[in-house]
>>> print(open('work05.csv').read())   # CSV, C-alpha atoms
chain,number,residue,atom,x,y,z
A,255,MET,CA,0.0,0.0,0.0
A,256,ARG,CA,1.2,3.5,-0.9
A,257,VAL,CA,-0.1,6.7,0.7
A,258,THR,CA,0.5,10.2,-0.7
A,259,ILE,CA,-0.4,13.2,1.3
A,260,LEU,CA,-1.7,15.7,-1.3
A,261,GLY,CA,-2.9,18.3,1.1
A,262,SER,CA,-2.0,18.7,4.8
A,263,GLY,CA,-3.5,22.1,5.4
A,264,PHE,CA,-6.6,23.8,6.9
A,265,ALA,CA,-9.5,25.8,5.6
A,266,VAL,CA,-7.5,29.0,5.8
A,267,PRO,CA,-5.0,29.2,2.9
A,268,SER,CA,-1.3,28.4,3.5
A,269,PRO,CA,1.5,29.0,0.9
A,270,ASN,CA,2.9,25.5,1.5
A,271,ARG,CA,-0.2,23.3,2.1
A,272,ALA,CA,-3.2,22.5,0.0
A,273,GLN,CA,-6.4,21.6,1.7
A,274,THR,CA,-7.2,18.0,2.6
A,275,GLY,CA,-6.5,15.2,0.1
A,276,ILE,CA,-4.9,11.8,0.6
A,277,LEU,CA,-4.3,9.2,-2.1
A,278,VAL,CA,-4.3,5.6,-1.0
A,279,GLU,CA,-3.0,3.1,-3.6
A,280,THR,CA,-3.8,-0.6,-2.9
A,281,GLY,CA,-3.4,-3.1,-5.7
A,282,LYS,CA,-5.0,-1.7,-8.8
A,283,ASN,CA,-7.2,0.7,-6.8
A,284,ARG,CA,-6.5,4.4,-6.2
A,285,VAL,CA,-8.7,5.9,-3.5
A,286,LEU,CA,-8.7,9.7,-3.1
A,287,ILE,CA,-9.8,10.6,0.4
A,288,ASP,CA,-11.3,14.1,0.4
A,289,CYS,CA,-10.8,16.7,-2.3
A,290,GLY,CA,-10.1,20.2,-0.9
A,291,ALA,CA,-8.7,23.2,-2.8
A,292,GLY,CA,-5.3,22.5,-4.3
A,293,VAL,CA,-5.6,18.8,-4.5
A,294,LEU,CA,-5.7,18.6,-8.4
A,295,GLN,CA,-2.5,20.6,-8.7
A,296,ARG,CA,-0.8,18.4,-6.1
A,297,MET,CA,-1.9,15.3,-8.1
A,298,ALA,CA,-0.2,16.8,-11.2
A,299,GLN,CA,2.9,17.7,-9.2
A,300,ALA,CA,3.1,14.1,-7.8
A,301,GLY,CA,2.8,12.7,-11.4
A,302,ASN,CA,-0.5,11.0,-10.7
A,303,ASP,CA,-3.0,10.8,-13.6
A,304,ILE,CA,-6.4,11.7,-12.2
A,305,THR,CA,-8.0,9.2,-14.6
A,306,GLY,CA,-6.4,6.5,-12.5
A,307,ILE,CA,-8.5,7.4,-9.4
A,308,THR,CA,-11.0,4.5,-8.9
A,309,HIS,CA,-12.8,5.8,-5.8
A,310,VAL,CA,-13.4,9.1,-4.1
A,311,LEU,CA,-14.1,8.8,-0.4
A,312,PHE,CA,-15.4,11.8,1.7
A,313,THR,CA,-15.0,12.1,5.4
A,314,HIS,CA,-17.5,15.0,5.6
A,315,HIS,CA,-18.8,17.9,3.5
A,316,HIS,CA,-17.1,21.0,4.7
A,317,LEU,CA,-15.6,23.0,1.8
A,318,ASP,CA,-12.0,22.4,2.7
A,319,HIS,CA,-12.7,18.6,2.2
A,320,ASP,CA,-14.9,18.6,-0.9
A,321,GLY,CA,-14.6,22.0,-2.6
A,322,GLU,CA,-12.5,20.9,-5.6
A,323,PHE,CA,-14.6,17.8,-6.4
A,324,MET,CA,-16.6,19.3,-9.3
A,325,SER,CA,-13.3,20.5,-10.8
A,326,LEU,CA,-12.0,17.0,-10.5
A,327,LEU,CA,-15.1,15.5,-12.3
A,328,LYS,CA,-14.7,18.0,-15.1
A,329,ALA,CA,-11.0,17.3,-15.5
A,330,MET,CA,-11.7,13.6,-15.5
A,331,TRP,CA,-14.4,13.9,-18.1
A,332,LEU,CA,-12.1,16.1,-20.3
A,333,LYS,CA,-9.4,13.4,-20.1
A,334,GLY,CA,-11.9,10.7,-21.2
A,335,LYS,CA,-12.8,9.0,-17.9
A,336,ARG,CA,-16.4,7.9,-17.7
A,337,GLU,CA,-16.9,6.0,-14.4
A,338,LEU,CA,-16.2,6.8,-10.8
A,339,MET,CA,-17.2,5.3,-7.4
A,340,VAL,CA,-18.0,7.9,-4.7
A,341,LEU,CA,-18.4,7.0,-1.1
A,342,GLY,CA,-19.2,9.2,1.9
A,343,PRO,CA,-21.5,10.0,4.8
A,344,SER,CA,-25.3,9.7,4.6
A,345,GLU,CA,-25.8,13.1,3.0
A,346,THR,CA,-23.3,12.5,0.2
A,347,GLU,CA,-25.9,11.6,-2.5
A,348,GLU,CA,-28.1,14.6,-1.7
A,349,TRP,CA,-25.1,16.9,-1.7
A,350,LEU,CA,-23.9,15.6,-5.1
A,351,THR,CA,-27.4,16.0,-6.5
A,352,LYS,CA,-27.5,19.6,-5.5
A,353,LEU,CA,-24.1,20.2,-7.0
A,354,MET,CA,-25.2,18.7,-10.3
A,355,ASP,CA,-28.2,21.0,-10.2
A,356,ALA,CA,-25.8,24.0,-9.8
A,357,TYR,CA,-23.7,22.8,-12.7
A,358,PRO,CA,-26.2,21.1,-15.0
A,359,TYR,CA,-23.7,20.9,-17.9
A,360,MET,CA,-21.9,18.2,-15.9
A,361,LYS,CA,-24.9,15.9,-15.6
A,362,GLY,CA,-24.3,12.6,-17.2
A,363,ARG,CA,-20.7,13.3,-18.1
A,364,LEU,CA,-19.5,10.5,-15.7
A,365,ASP,CA,-21.4,7.5,-14.4
A,366,LEU,CA,-21.2,8.0,-10.7
A,367,ASP,CA,-21.7,5.0,-8.4
A,368,ILE,CA,-22.6,6.6,-5.1
A,369,THR,CA,-22.5,4.7,-1.7
A,370,CYS,CA,-23.7,6.4,1.5
A,371,LEU,CA,-22.0,5.0,4.6
A,372,GLU,CA,-23.1,5.0,8.3
A,373,ASP,CA,-21.3,4.3,11.5
A,374,ALA,CA,-19.8,0.7,11.5
A,375,SER,CA,-20.4,0.3,7.7
A,376,GLN,CA,-18.1,-2.2,6.1
A,377,VAL,CA,-17.7,-2.5,2.3
A,378,SER,CA,-15.2,-3.7,-0.2
A,379,VAL,CA,-13.3,-1.1,-2.1
A,380,GLY,CA,-11.9,-2.9,-5.1
A,381,GLY,CA,-10.8,-5.8,-3.1
A,382,ALA,CA,-9.6,-3.8,-0.1
A,383,HIS,CA,-11.7,-3.7,3.1
A,384,LEU,CA,-13.2,-0.3,4.2
A,385,GLU,CA,-14.6,0.3,7.6
A,386,ALA,CA,-16.3,3.5,8.7
A,387,ARG,CA,-16.8,4.9,12.1
A,388,ARG,CA,-18.5,8.1,13.3
A,389,ASN,CA,-16.1,10.8,14.4
A,390,LYS,CA,-16.7,13.9,16.4
A,391,HIS,CA,-17.0,17.2,14.5
A,392,ALA,CA,-19.2,20.2,14.0
A,393,LEU,CA,-20.7,18.4,11.0
A,394,ASP,CA,-21.4,14.7,11.1
A,395,GLY,CA,-18.5,12.8,9.5
A,396,LEU,CA,-16.7,9.5,9.3
A,397,ALA,CA,-13.2,8.2,10.0
A,398,TYR,CA,-12.1,5.3,7.9
A,399,ARG,CA,-9.8,2.2,7.9
A,400,ILE,CA,-8.6,0.7,4.7
A,401,GLN,CA,-7.1,-2.7,5.0
A,402,ASP,CA,-5.6,-5.0,2.3
A,403,ASP,CA,-4.0,-8.4,2.7
A,404,LYS,CA,-1.2,-7.1,4.8
A,405,ASP,CA,-1.3,-3.3,5.3
A,406,SER,CA,-3.7,-0.9,7.0
A,407,VAL,CA,-4.2,2.8,7.1
A,408,VAL,CA,-6.7,4.8,9.2
A,409,PHE,CA,-7.7,8.4,8.6
A,410,SER,CA,-9.5,10.4,11.3
A,411,GLY,CA,-11.0,13.1,9.2
A,412,ASP,CA,-11.8,16.3,11.1
A,413,THR,CA,-12.6,15.4,14.7
A,414,ALA,CA,-12.0,15.9,18.3
A,415,PRO,CA,-10.5,12.8,20.0
A,416,CYS,CA,-13.2,10.1,19.7
A,417,GLU,CA,-14.1,6.5,20.2
A,418,GLY,CA,-14.7,6.0,16.5
A,419,VAL,CA,-11.0,6.3,15.7
A,420,LYS,CA,-10.1,4.1,18.7
A,421,LYS,CA,-12.4,1.4,17.3
A,422,LEU,CA,-10.7,1.6,13.9
A,423,CYS,CA,-7.3,1.2,15.6
A,424,ASP,CA,-8.2,-1.5,18.1
A,425,LYS,CA,-6.2,-4.0,16.0
A,426,SER,CA,-2.7,-3.6,14.6
A,427,THR,CA,-2.5,-0.5,12.4
A,428,ASP,CA,0.4,0.4,10.2
A,429,LEU,CA,-0.5,4.0,9.7
A,430,LEU,CA,-2.8,6.4,11.5
A,431,ILE,CA,-3.3,9.8,9.8
A,432,HIS,CA,-4.9,12.1,12.4
A,433,GLU,CA,-5.7,15.7,12.3
A,434,CYS,CA,-3.8,17.9,14.8
A,435,SER,CA,-5.1,21.4,13.9
A,436,PHE,CA,-4.3,23.5,16.9
A,437,LEU,CA,-1.8,23.8,19.7
A,438,ASP,CA,-3.1,22.9,23.2
A,439,SER,CA,-3.3,26.6,24.0
A,440,GLU,CA,-6.0,27.0,21.4
A,441,GLY,CA,-8.0,23.9,22.2
A,442,GLU,CA,-10.8,25.5,24.1
A,443,ARG,CA,-11.6,27.8,21.1
A,444,PHE,CA,-11.9,24.8,18.7
A,445,PRO,CA,-13.5,21.9,20.6
A,446,ASP,CA,-14.3,20.0,17.3
A,447,HIS,CA,-10.6,19.6,16.4
A,448,THR,CA,-7.7,17.8,18.0
A,449,THR,CA,-4.7,19.2,19.9
A,450,PRO,CA,-1.5,17.4,20.8
A,451,LYS,CA,-2.4,16.5,24.3
A,452,GLY,CA,-5.7,15.1,23.3
A,453,LEU,CA,-4.2,13.1,20.4
A,454,GLY,CA,-1.4,11.8,22.7
A,455,GLU,CA,-4.0,10.5,25.2
A,456,LEU,CA,-6.0,9.0,22.4
A,457,VAL,CA,-3.2,7.0,20.9
A,458,GLU,CA,-1.2,6.1,24.0
A,459,ASN,CA,-2.3,2.5,24.2
A,460,LEU,CA,-3.4,1.9,20.6
A,461,PRO,CA,-1.5,-0.7,18.5
A,462,VAL,CA,-0.4,1.9,16.0
A,463,ARG,CA,3.0,1.7,14.4
A,464,ARG,CA,3.3,5.2,12.7
A,465,LEU,CA,1.3,8.3,13.4
A,466,VAL,CA,1.0,11.1,10.8
A,467,LEU,CA,-0.1,14.5,11.9
A,468,THR,CA,-2.1,16.6,9.4
A,469,HIS,CA,-4.7,19.4,8.9
A,470,PHE,CA,-2.4,22.1,10.3
A,471,SER,CA,-3.9,25.6,10.8
A,472,PRO,CA,-1.5,28.4,9.7
A,473,ALA,CA,-1.3,29.4,13.4
A,474,SER,CA,0.0,26.0,14.4
A,475,GLU,CA,2.6,25.5,11.7
A,476,ASN,CA,5.3,27.2,13.7
A,477,GLY,CA,4.5,25.0,16.6
A,478,ILE,CA,4.8,21.6,14.9
A,479,GLU,CA,8.0,20.6,16.9
A,480,GLU,CA,6.1,21.4,20.1
A,481,MET,CA,3.2,19.2,18.9
A,482,VAL,CA,5.5,16.3,18.3
A,483,SER,CA,7.1,16.7,21.7
A,484,VAL,CA,3.8,16.7,23.5
A,485,ILE,CA,2.5,13.6,21.7
A,486,ALA,CA,5.8,11.8,22.3
A,487,ARG,CA,5.1,11.8,26.0
A,488,TYR,CA,2.3,9.4,25.3
A,489,PHE,CA,3.0,7.6,22.0
A,490,LYS,CA,6.3,5.7,21.5
A,491,GLY,CA,5.9,4.9,17.8
A,492,GLU,CA,7.1,7.0,15.0
A,493,ILE,CA,5.5,10.5,14.7
A,494,ILE,CA,5.5,12.1,11.3
A,495,PRO,CA,4.3,15.7,10.6
A,496,ALA,CA,2.7,15.7,7.2
A,497,GLU,CA,4.0,17.7,4.3
A,498,ASP,CA,2.3,18.0,0.9
A,499,LEU,CA,3.5,15.4,-1.6
A,500,MET,CA,4.9,13.2,1.2
A,501,VAL,CA,4.8,9.5,0.2
A,502,LEU,CA,4.5,6.8,2.7
A,503,GLU,CA,5.1,3.2,1.8
A,504,LEU,CA,3.5,0.5,3.9
>>> encode(input="work05.csv", output="structure tokens")
Amino acid sequence: MRVTILGSGFAVPSPNRAQTGILVETGKNRVLIDCGAGVLQRMAQAGNDITGITHVLFTHHHLDHDGEFMSLLKAMWLKGKRELMVLGPSETEEWLTKLMDAYPYMKGRLDLDITCLEDASQVSVGGAHLEARRNKHALDGLAYRIQDDKDSVVFSGDTAPCEGVKKLCDKSTDLLIHECSFLDSEGERFPDHTTPKGLGELVENLPVRRLVLTHFSPASENGIEEMVSVIARYFKGEIIPAEDLMVLEL
């Protein structure tokens, strides 16, 4: 399994970070998790052909996680792609219907196979196993575990520390990608996100081998070393601050 961090940033623009996008390649499948602003350019910079994406998986429908999706569809269509599988929370089909109403010239350009997921949903994603768990955010969302024959990756989505992520990591997990948007000093202002202390306490006893921090707000970027130091008090595995275009081989 190969994981590329396409966007490690926040809703507020950063000169160095696109908004959320993660590409997970397992076998012949290429799963794009979320599609915030800047993800298409990062795909091009990484040398990844967008027509190779087989599935798009949404954690939730805030703009910094889905705002570039219609641009992705148009680019796919212009490059000759005609089918795409789309998965996400329960409102995904209604959301996409409204988008198509807003951009009617895109209707019918691609055959979209839409699957709406709930807490504890388990489905096959091109031979890999996908499990969804409810996370804890201002808008209902899902965290995900993707497992193939030998590798596993979990992505928290936007969330405060929650039981859903714990459940996804209750068995051996190669890679946990978890948001860490703010420093502990800002935590009370943003209760729907995760700070270093909260993340450290969450992962302290989980069977996770590597932990990737992502979704950095511009205010927290200068404090990444402090974040890692706090989390390291609890978590003894490898801690990796995400950077755009970072590639992780499992």
>>> closest_atom_pairs(input="work05.csv", of="range 264-323 of chain A", to="range 429-443 of chain A", cutoff="12 Å", atoms="all atoms listed in the file", output="CSV")
residue,atom,partner,partner_atom,distance
A:Phe264,CA,A:Ser435,CA,7.6
A:Ala265,CA,A:Ser435,CA,10.4
A:Val266,CA,A:Ser435,CA,11.4
A:Thr274,CA,A:Glu433,CA,10.1
A:Gly275,CA,A:Ile431,CA,11.6
A:Ile276,CA,A:Ile431,CA,9.5
A:Leu277,CA,A:Ile431,CA,12.0
A:Val278,CA,A:Leu429,CA,11.5
A:Ile287,CA,A:Ile431,CA,11.5
>>> residues_around(input="work05.csv", residues="Lys425 in chain A", least_positions_apart="5", cutoff="10 Å", atoms="all atoms listed in the file", output="count of residues only")
5
>>> atom_distance(input="work05.csv", atom1="CA of Ile485 in chain A", atom2="CA of Ala392 in chain A")
24.0 Å
>>> atom_distance(input="work05.csv", atom1="CA of Ser268 in chain A", atom2="CA of Glu497 in chain A")
12.0 Å
>>> closest_residue(input="work05.csv", among="A:Asp428, A:Asp365, A:Glu479, A:Glu455", to="Leu338 in chain A", atoms="all atoms listed in the file")
A:Asp365
>>> atom_distance(input="work05.csv", atom1="CA of Leu456 in chain A", atom2="CA of Phe489 in chain A")
9.1 Å
>>> closest_residue(input="work05.csv", among="A:Thr313, A:Ser410, A:Thr468, A:Gln273", to="Gln295 in chain A", atoms="only C-alpha atoms")
A:Gln273
>>> closest_residue(input="work05.csv", among="A:Lys335, A:Arg271, A:Lys328, A:His315", to="Glu347 in chain A", atoms="all atoms listed in the file")
A:His315
>>> closest_residue(input="work05.csv", among="A:Gly452, A:Pro343, A:Gly301, A:Gly290", to="Thr258 in chain A", atoms="all atoms listed in the file")
A:Gly301
>>> residues_around(input="work05.csv", residues="Met297 in chain A", least_positions_apart="4", cutoff="9 Å", atoms="all atoms listed in the file", output="ChimeraX atom specification")
/A:260,277,292-293,301-304,499
>>> closest_residue(input="work05.csv", among="A:Ala272, A:Val484, A:Leu327, A:Ala386", to="Tyr357 in chain A", atoms="only C-alpha atoms")
A:Leu327
>>> closest_residue(input="work05.csv", among="A:Glu503, A:Val257, A:Val482, A:Thr308", to="Val408 in chain A", atoms="all atoms listed in the file")
A:Val257
>>> residues_around(input="work05.csv", residues="Thr427 in chain A", least_positions_apart="4", cutoff="12 Å", atoms="only C-alpha atoms", output="JSON, numbers by chain")
{"A": [399, 400, 401, 402, 404, 405, 406, 407, 408, 409, 419, 420, 421, 422, 423, 431, 457, 460, 461, 462, 463, 464, 465, 491, 504]}
>>> residues_near_point(input="work05.csv", point="(-18.1, 5.8, 1.8)", cutoff="12 Å", atoms="only C-alpha atoms", output="PyMOL selection string")
chain A and resi 285-288+309-314+339-347+367-379+383-388+395-400
>>> closest_atom_pairs(input="work05.csv", of="range 356-455 of chain A", to="range 321-325 of chain A", cutoff="12 Å", atoms="all atoms listed in the file", output="JSON lines")
{"residue": "A:Ala356", "atom": "CA", "partner": "A:Met324", "partner_atom": "CA", "distance": 10.3}
{"residue": "A:Tyr357", "atom": "CA", "partner": "A:Met324", "partner_atom": "CA", "distance": 8.6}
{"residue": "A:Pro358", "atom": "CA", "partner": "A:Met324", "partner_atom": "CA", "distance": 11.3}
{"residue": "A:Tyr359", "atom": "CA", "partner": "A:Met324", "partner_atom": "CA", "distance": 11.3}
{"residue": "A:Met360", "atom": "CA", "partner": "A:Met324", "partner_atom": "CA", "distance": 8.5}
{"residue": "A:Lys361", "atom": "CA", "partner": "A:Met324", "partner_atom": "CA", "distance": 11.0}
{"residue": "A:Arg363", "atom": "CA", "partner": "A:Met324", "partner_atom": "CA", "distance": 11.4}
{"residue": "A:Leu364", "atom": "CA", "partner": "A:Met324", "partner_atom": "CA", "distance": 11.3}
>>> build_atoms(input="work05.csv", residues="range 430-446 of chain A", atoms="N, CA and C atoms", output="JSON list (two decimals), in the frame of the given file")
[["chain", "number", "residue", "atom", "x", "y", "z"],
["A", 430, "LEU", "N", -1.70, 5.57, 11.13],
["A", 430, "LEU", "CA", -2.80, 6.40, 11.50],
["A", 430, "LEU", "C", -2.54, 7.83, 11.11],
["A", 431, "ILE", "N", -3.37, 8.37, 10.24],
["A", 431, "ILE", "CA", -3.30, 9.80, 9.80],
["A", 431, "ILE", "C", -4.36, 10.53, 10.61],
["A", 432, "HIS", "N", -3.94, 11.40, 11.51],
["A", 432, "HIS", "CA", -4.90, 12.10, 12.40],
["A", 432, "HIS", "C", -4.69, 13.56, 12.36],
["A", 433, "GLU", "N", -5.78, 14.27, 12.29],
["A", 433, "GLU", "CA", -5.70, 15.70, 12.30],
["A", 433, "GLU", "C", -5.12, 16.19, 13.66],
["A", 434, "CYS", "N", -4.34, 17.27, 13.60],
["A", 434, "CYS", "CA", -3.80, 17.90, 14.80],
["A", 434, "CYS", "C", -3.79, 19.43, 14.46],
["A", 435, "SER", "N", -4.95, 20.03, 14.46],
["A", 435, "SER", "CA", -5.10, 21.40, 13.90],
["A", 435, "SER", "C", -4.57, 22.50, 14.68],
["A", 436, "PHE", "N", -4.58, 22.34, 16.00],
["A", 436, "PHE", "CA", -4.30, 23.50, 16.90],
["A", 436, "PHE", "C", -3.35, 23.06, 18.01],
["A", 437, "LEU", "N", -2.60, 24.01, 18.52],
["A", 437, "LEU", "CA", -1.80, 23.80, 19.70],
["A", 437, "LEU", "C", -2.75, 23.69, 20.93],
["A", 438, "ASP", "N", -2.26, 23.11, 22.00],
["A", 438, "ASP", "CA", -3.10, 22.90, 23.20],
["A", 438, "ASP", "C", -3.63, 24.26, 23.71],
["A", 439, "SER", "N", -2.87, 25.34, 23.55],
["A", 439, "SER", "CA", -3.30, 26.60, 24.00],
["A", 439, "SER", "C", -4.54, 27.16, 23.33],
["A", 440, "GLU", "N", -4.83, 26.61, 22.15],
["A", 440, "GLU", "CA", -6.00, 27.00, 21.40],
["A", 440, "GLU", "C", -7.17, 26.07, 21.47],
["A", 441, "GLY", "N", -6.99, 24.98, 22.18],
["A", 441, "GLY", "CA", -8.00, 23.90, 22.20],
["A", 441, "GLY", "C", -9.37, 24.29, 22.59],
["A", 442, "GLU", "N", -9.49, 25.14, 23.60],
["A", 442, "GLU", "CA", -10.80, 25.50, 24.10],
["A", 442, "GLU", "C", -11.60, 26.29, 23.06],
["A", 443, "ARG", "N", -10.92, 26.99, 22.17],
["A", 443, "ARG", "CA", -11.60, 27.80, 21.10],
["A", 443, "ARG", "C", -12.11, 26.88, 20.00],
["A", 444, "PHE", "N", -11.52, 25.69, 19.86],
["A", 444, "PHE", "CA", -11.90, 24.80, 18.70],
["A", 444, "PHE", "C", -12.12, 23.41, 19.23],
["A", 445, "PRO", "N", -13.23, 23.19, 19.92],
["A", 445, "PRO", "CA", -13.50, 21.90, 20.60],
["A", 445, "PRO", "C", -13.76, 20.74, 19.57],
["A", 446, "ASP", "N", -14.00, 21.07, 18.29],
["A", 446, "ASP", "CA", -14.30, 20.00, 17.30],
["A", 446, "ASP", "C", -13.07, 19.57, 16.54]]
